[in-house]
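Everything on this sheet refers to the single structure shown next.
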Amino acid sequence: MAAPFQLPALPFADTDLAPVISAETLSFHYAKHHKAYVDNLNKLVEGTRFADLSLEEVIEESAKDGNAGVFNNAAQIWNHTFYWNSLSADGGVPSGKLAEMIDRDLGGLKQFQKDFAVAGNTQFGSGWAWLLHKDGKLSIEKTANAETPLTGGGTPLLTIDVWEHAYYIDYQNRRPAYTEAVVTNLLNWHFAAENLG
Ligand code: MN
């Protein structure tokens, strides 16, 4: 049987996010790390009931079952695809309902940028910072390792990957330099608005 899960194409060229994220970082992050999660999941689900489910269903079911191997790889596939879509060199600024909610719930765009970077910087070890729409409000949260808001934490609008592999080539140990540069220059507000609906 053909492997059921695919590595989605990047939504930009690998030079488009430079100098904030270099082509070299993208080539490792996407073609090695993201691809490895796809390859691992396809091996793990072969001949199991997971092979017939959507990626989102695999995440939900493996979380319920406590199947860490399947969950970690499936959630990391989803989180990375969401991260690529959260980035753009031409991401615009929040407008309309999204801008109003950022003002109302998060103290405005400048405050959001500061707090989103801090969330990424203070995630101990590997993980993710998220802008979420939850219970009618926007909030900033962080998750560890492969954990994802899909398992009940609200609707994600944007994410930043703060695993070391996301920044080490460009920033070495300076995670705050990476998060600040991404938050200031690369967030895709068109994608966030689509997710808000
Ligand atoms: Mn990553």
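Letters A, B, ... go to the chains of the structure tokens in the order shown; residues in each chain start at 1; ligands are counted from 1 in the same order.
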Discussion item. Hey, which residues sit close to ligand 1? Say within 8 Å, counting only C-alpha atoms and all ligand atoms, and write them as a list in words.
Written reply: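 Residues lying within 8 Å of ligand 1: His29, Tyr30, His33, His34, Gln76, His80, Asp161, Val162, Trp163, Glu164, His165 and Ala166 of chain A.
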Please write the residues from the selection above to a file, keeping N, CA, C and O atoms, as a PDB file, in the first residue's frame.
```
ATOM      1  N   HIS A  29      15.275  22.191   7.944  1.00  0.00           N
ATOM      2  CA  HIS A  29      14.063  22.123   8.762  1.00  0.00           C
ATOM      3  C   HIS A  29      12.935  21.413   8.008  1.00  0.00           C
ATOM      4  O   HIS A  29      12.238  20.555   8.556  1.00  0.00           O
ATOM      5  N   TYR A  30      12.785  21.777   6.748  1.00  0.00           N
ATOM      6  CA  TYR A  30      11.704  21.193   5.942  1.00  0.00           C
ATOM      7  C   TYR A  30      12.100  19.822   5.374  1.00  0.00           C
ATOM      8  O   TYR A  30      11.410  18.821   5.595  1.00  0.00           O
ATOM      9  N   HIS A  33      13.907  17.583   8.837  1.00  0.00           N
ATOM     10  CA  HIS A  33      13.089  17.378  10.048  1.00  0.00           C
ATOM     11  C   HIS A  33      11.623  17.096   9.715  1.00  0.00           C
ATOM     12  O   HIS A  33      11.063  16.089  10.165  1.00  0.00           O
ATOM     13  N   HIS A  34      10.992  17.994   8.966  1.00  0.00           N
ATOM     14  CA  HIS A  34       9.570  17.790   8.655  1.00  0.00           C
ATOM     15  C   HIS A  34       9.380  16.477   7.889  1.00  0.00           C
ATOM     16  O   HIS A  34       8.483  15.684   8.194  1.00  0.00           O
ATOM     17  N   GLN A  76       3.655  16.557  14.923  1.00  0.00           N
ATOM     18  CA  GLN A  76       4.753  17.353  14.372  1.00  0.00           C
ATOM     19  C   GLN A  76       4.570  17.609  12.872  1.00  0.00           C
ATOM     20  O   GLN A  76       4.947  18.676  12.380  1.00  0.00           O
ATOM     21  N   HIS A  80       4.215  21.567  11.868  1.00  0.00           N
ATOM     22  CA  HIS A  80       5.160  22.165  10.911  1.00  0.00           C
ATOM     23  C   HIS A  80       4.452  22.752   9.696  1.00  0.00           C
ATOM     24  O   HIS A  80       4.799  23.830   9.234  1.00  0.00           O
ATOM     25  N   ASP A 161       7.694  27.886  15.759  1.00  0.00           N
ATOM     26  CA  ASP A 161       8.467  26.723  16.198  1.00  0.00           C
ATOM     27  C   ASP A 161       9.660  27.236  16.998  1.00  0.00           C
ATOM     28  O   ASP A 161      10.443  28.047  16.493  1.00  0.00           O
ATOM     29  N   VAL A 162       9.794  26.783  18.254  1.00  0.00           N
ATOM     30  CA  VAL A 162      10.967  27.180  19.036  1.00  0.00           C
ATOM     31  C   VAL A 162      11.869  25.990  19.390  1.00  0.00           C
ATOM     32  O   VAL A 162      12.675  26.077  20.312  1.00  0.00           O
ATOM     33  N   TRP A 163      11.726  24.899  18.644  1.00  0.00           N
ATOM     34  CA  TRP A 163      12.736  23.832  18.744  1.00  0.00           C
ATOM     35  C   TRP A 163      14.078  24.421  18.262  1.00  0.00           C
ATOM     36  O   TRP A 163      14.104  25.258  17.357  1.00  0.00           O
ATOM     37  N   GLU A 164      15.171  23.961  18.833  1.00  0.00           N
ATOM     38  CA  GLU A 164      16.481  24.498  18.429  1.00  0.00           C
ATOM     39  C   GLU A 164      16.716  24.372  16.928  1.00  0.00           C
ATOM     40  O   GLU A 164      17.363  25.224  16.319  1.00  0.00           O
ATOM     41  N   HIS A 165      16.207  23.295  16.308  1.00  0.00           N
ATOM     42  CA  HIS A 165      16.476  23.103  14.877  1.00  0.00           C
ATOM     43  C   HIS A 165      15.859  24.232  14.037  1.00  0.00           C
ATOM     44  O   HIS A 165      16.216  24.399  12.881  1.00  0.00           O
ATOM     45  N   ALA A 166      14.924  24.994  14.615  1.00  0.00           N
ATOM     46  CA  ALA A 166      14.285  26.087  13.875  1.00  0.00           C
ATOM     47  C   ALA A 166      15.197  27.300  13.726  1.00  0.00           C
ATOM     48  O   ALA A 166      14.983  28.129  12.839  1.00  0.00           O
TER      49      ALA A 166
END
```
Worksheet item: Counting only C-alpha atoms, what is within 9 Å of A:Asp170, bar same-chain residues fewer than 6 positions away, as a ChimeraX atom specification?
Response: /A:19-22,24-25,178
Fill in: All residues 12 Å or closer to A:Ala177, only C-alpha atoms, same chain fewer than 4 positions away omitted, as a list in words
Val20, Ile21, Ala117, Val118, Gly120, Asn121, Val162, Tyr167, Tyr168, Asp170, Tyr171, Gln172, Asn173, Ala181, Val182, Val183, Thr184 and Asn185 of chain A
Would you put the residues from that selection into a file with N, CA, C and O atoms, as a JSON list (two decimals), in the first residue's frame?
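Done, and the output landed in selection-v6.json:
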```json
[["chain", "number", "residue", "atom", "x", "y", "z"],
["A", 20, "VAL", "N", 15.80, 36.62, 7.79],
["A", 20, "VAL", "CA", 15.30, 36.20, 9.11],
["A", 20, "VAL", "C", 15.46, 34.70, 9.29],
["A", 20, "VAL", "O", 15.91, 34.22, 10.33],
["A", 21, "ILE", "N", 15.06, 33.95, 8.25],
["A", 21, "ILE", "CA", 15.27, 32.50, 8.24],
["A", 21, "ILE", "C", 15.97, 32.17, 6.92],
["A", 21, "ILE", "O", 15.41, 32.42, 5.85],
["A", 117, "ALA", "N", 6.68, 36.75, 21.45],
["A", 117, "ALA", "CA", 8.11, 36.41, 21.50],
["A", 117, "ALA", "C", 8.48, 35.86, 22.87],
["A", 117, "ALA", "O", 9.18, 34.84, 22.98],
["A", 118, "VAL", "N", 7.97, 36.48, 23.94],
["A", 118, "VAL", "CA", 8.27, 36.01, 25.29],
["A", 118, "VAL", "C", 7.75, 34.58, 25.49],
["A", 118, "VAL", "O", 8.43, 33.74, 26.09],
["A", 120, "GLY", "N", 7.50, 32.26, 23.28],
["A", 120, "GLY", "CA", 8.46, 31.37, 22.61],
["A", 120, "GLY", "C", 9.75, 31.25, 23.39],
["A", 120, "GLY", "O", 10.31, 30.16, 23.54],
["A", 121, "ASN", "N", 10.22, 32.37, 23.93],
["A", 121, "ASN", "CA", 11.51, 32.37, 24.64],
["A", 121, "ASN", "C", 11.44, 31.60, 25.95],
["A", 121, "ASN", "O", 12.44, 31.06, 26.40],
["A", 162, "VAL", "N", 9.79, 26.78, 18.25],
["A", 162, "VAL", "CA", 10.97, 27.18, 19.04],
["A", 162, "VAL", "C", 11.87, 25.99, 19.39],
["A", 162, "VAL", "O", 12.67, 26.08, 20.31],
["A", 167, "TYR", "N", 16.21, 27.42, 14.62],
["A", 167, "TYR", "CA", 17.00, 28.67, 14.60],
["A", 167, "TYR", "C", 18.49, 28.49, 14.75],
["A", 167, "TYR", "O", 19.24, 29.45, 14.60],
["A", 168, "TYR", "N", 18.97, 27.28, 15.07],
["A", 168, "TYR", "CA", 20.37, 27.16, 15.49],
["A", 168, "TYR", "C", 21.37, 27.54, 14.41],
["A", 168, "TYR", "O", 22.41, 28.14, 14.69],
["A", 170, "ASP", "N", 21.06, 29.81, 12.08],
["A", 170, "ASP", "CA", 21.08, 31.27, 11.88],
["A", 170, "ASP", "C", 21.40, 32.05, 13.16],
["A", 170, "ASP", "O", 21.97, 33.14, 13.09],
["A", 171, "TYR", "N", 20.98, 31.55, 14.30],
["A", 171, "TYR", "CA", 21.06, 32.34, 15.54],
["A", 171, "TYR", "C", 21.81, 31.63, 16.67],
["A", 171, "TYR", "O", 21.92, 32.18, 17.76],
["A", 172, "GLN", "N", 22.29, 30.41, 16.43],
["A", 172, "GLN", "CA", 22.92, 29.60, 17.47],
["A", 172, "GLN", "C", 22.01, 29.55, 18.71],
["A", 172, "GLN", "O", 20.86, 29.25, 18.57],
["A", 173, "ASN", "N", 22.53, 29.91, 19.87],
["A", 173, "ASN", "CA", 21.74, 29.80, 21.10],
["A", 173, "ASN", "C", 20.78, 30.95, 21.32],
["A", 173, "ASN", "O", 20.03, 30.97, 22.30],
["A", 181, "ALA", "N", 12.75, 38.46, 15.56],
["A", 181, "ALA", "CA", 12.83, 38.72, 14.11],
["A", 181, "ALA", "C", 11.62, 38.13, 13.39],
["A", 181, "ALA", "O", 11.04, 38.76, 12.49],
["A", 182, "VAL", "N", 11.19, 36.94, 13.80],
["A", 182, "VAL", "CA", 10.02, 36.31, 13.16],
["A", 182, "VAL", "C", 8.75, 37.10, 13.47],
["A", 182, "VAL", "O", 7.96, 37.41, 12.58],
["A", 183, "VAL", "N", 8.58, 37.42, 14.74],
["A", 183, "VAL", "CA", 7.36, 38.11, 15.17],
["A", 183, "VAL", "C", 7.23, 39.48, 14.50],
["A", 183, "VAL", "O", 6.14, 39.91, 14.13],
["A", 184, "THR", "N", 8.36, 40.15, 14.31],
["A", 184, "THR", "CA", 8.35, 41.49, 13.74],
["A", 184, "THR", "C", 8.22, 41.48, 12.23],
["A", 184, "THR", "O", 7.62, 42.38, 11.65],
["A", 185, "ASN", "N", 8.79, 40.46, 11.57],
["A", 185, "ASN", "CA", 8.94, 40.52, 10.11],
["A", 185, "ASN", "C", 8.20, 39.45, 9.31],
["A", 185, "ASN", "O", 7.99, 39.64, 8.11]]
```
Skip stretch 152-158 of chain A itself and residues of its chain fewer than 5 positions away, then list as a PDB file with N, CA and C atoms, in the first residue's frame all residues within 6 Å of it, counting only C-alpha atoms.
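Written out: around11.pdb:
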```
ATOM      1  N   SER A  86       2.192  29.982   8.678  1.00  0.00           N
ATOM      2  CA  SER A  86       2.196  31.141   9.578  1.00  0.00           C
ATOM      3  C   SER A  86       3.258  32.163   9.198  1.00  0.00           C
ATOM      4  N   TRP A 130       1.823  29.799  20.373  1.00  0.00           N
ATOM      5  CA  TRP A 130       0.592  29.827  19.561  1.00  0.00           C
ATOM      6  C   TRP A 130      -0.225  31.083  19.822  1.00  0.00           C
ATOM      7  N   LEU A 131      -0.791  31.641  18.782  1.00  0.00           N
ATOM      8  CA  LEU A 131      -1.894  32.598  18.910  1.00  0.00           C
ATOM      9  C   LEU A 131      -3.167  31.786  18.682  1.00  0.00           C
ATOM     10  N   LEU A 132      -4.045  31.780  19.701  1.00  0.00           N
ATOM     11  CA  LEU A 132      -5.244  30.947  19.651  1.00  0.00           C
ATOM     12  C   LEU A 132      -6.504  31.787  19.716  1.00  0.00           C
ATOM     13  N   HIS A 133      -7.571  31.243  19.128  1.00  0.00           N
ATOM     14  CA  HIS A 133      -8.926  31.767  19.292  1.00  0.00           C
ATOM     15  C   HIS A 133      -9.683  30.739  20.113  1.00  0.00           C
ATOM     16  N   LYS A 134     -10.041  31.144  21.333  1.00  0.00           N
ATOM     17  CA  LYS A 134     -10.606  30.172  22.271  1.00  0.00           C
ATOM     18  C   LYS A 134     -11.692  30.862  23.078  1.00  0.00           C
ATOM     19  N   ALA A 192      -3.645  34.156   9.456  1.00  0.00           N
ATOM     20  CA  ALA A 192      -4.318  34.285  10.757  1.00  0.00           C
ATOM     21  C   ALA A 192      -5.786  34.678  10.575  1.00  0.00           C
ATOM     22  N   ASN A 195      -7.875  31.772   9.441  1.00  0.00           N
ATOM     23  CA  ASN A 195      -8.127  30.829  10.523  1.00  0.00           C
ATOM     24  C   ASN A 195      -9.170  31.341  11.516  1.00  0.00           C
TER      25      ASN A 195
END
```
Item to complete: Using DSSP on the backbone, list every residue of chain A that comes out as strand (DSSP E or B), and give them as a list of chain:residue names.
Response: A:Leu87, A:Gly127, A:Trp128, A:Ala129, A:Trp130, A:Leu131, A:Leu132, A:His133, A:Lys134, A:Lys137, A:Leu138, A:Ser139, A:Ile140, A:Glu141, A:Lys142, A:Thr143, A:Ala144, A:Thr155, A:Pro156, A:Leu157, A:Leu158, A:Thr159, A:Ile160, A:Asp161, A:Leu187
Item to complete: Work out how far apart atom CA of A:Lys110 and atom CA of A:Trp84 are and give it in Å to one decimal.
Response: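 Atom-to-atom, atom CA of A:Lys110 to atom CA of A:Trp84, that is 22.5 Å.
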Which residues are near stretch 63-69 of chain A? Cut-off 10 Å, only C-alpha atoms, ignore same chain within fewer than 2 positions. Put them as an mmCIF file with C-alpha atoms, in the first residue's frame.
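Produced file out-v9.cif, reproduced below:
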```cif
data_model
loop_
_atom_site.group_PDB
_atom_site.id
_atom_site.type_symbol
_atom_site.label_atom_id
_atom_site.label_comp_id
_atom_site.auth_asym_id
_atom_site.auth_seq_id
_atom_site.Cartn_x
_atom_site.Cartn_y
_atom_site.Cartn_z
ATOM 1 C CA ASN A 40 8.349 7.927 10.601
ATOM 2 C CA LEU A 41 4.559 8.172 10.744
ATOM 3 C CA LEU A 44 4.438 3.458 12.306
ATOM 4 C CA VAL A 45 0.914 3.323 10.839
ATOM 5 C CA GLU A 57 -7.983 12.036 13.184
ATOM 6 C CA VAL A 58 -4.641 10.298 13.784
ATOM 7 C CA ILE A 59 -3.618 13.110 16.156
ATOM 8 C CA GLU A 60 -6.903 12.912 18.060
ATOM 9 C CA GLU A 61 -7.040 9.103 18.257
ATOM 10 C CA PHE A 71 1.031 11.104 18.236
ATOM 11 C CA ASN A 72 4.443 12.806 18.272
ATOM 12 C CA ASN A 73 5.096 12.239 14.580
ATOM 13 C CA ALA A 74 1.542 13.052 13.431
ATOM 14 C CA ALA A 75 1.328 16.210 15.549
ATOM 15 C CA ALA A 146 4.876 17.890 19.779
ATOM 16 C CA GLU A 147 1.876 19.028 21.826
ATOM 17 C CA THR A 151 -6.343 18.267 21.015
#
```
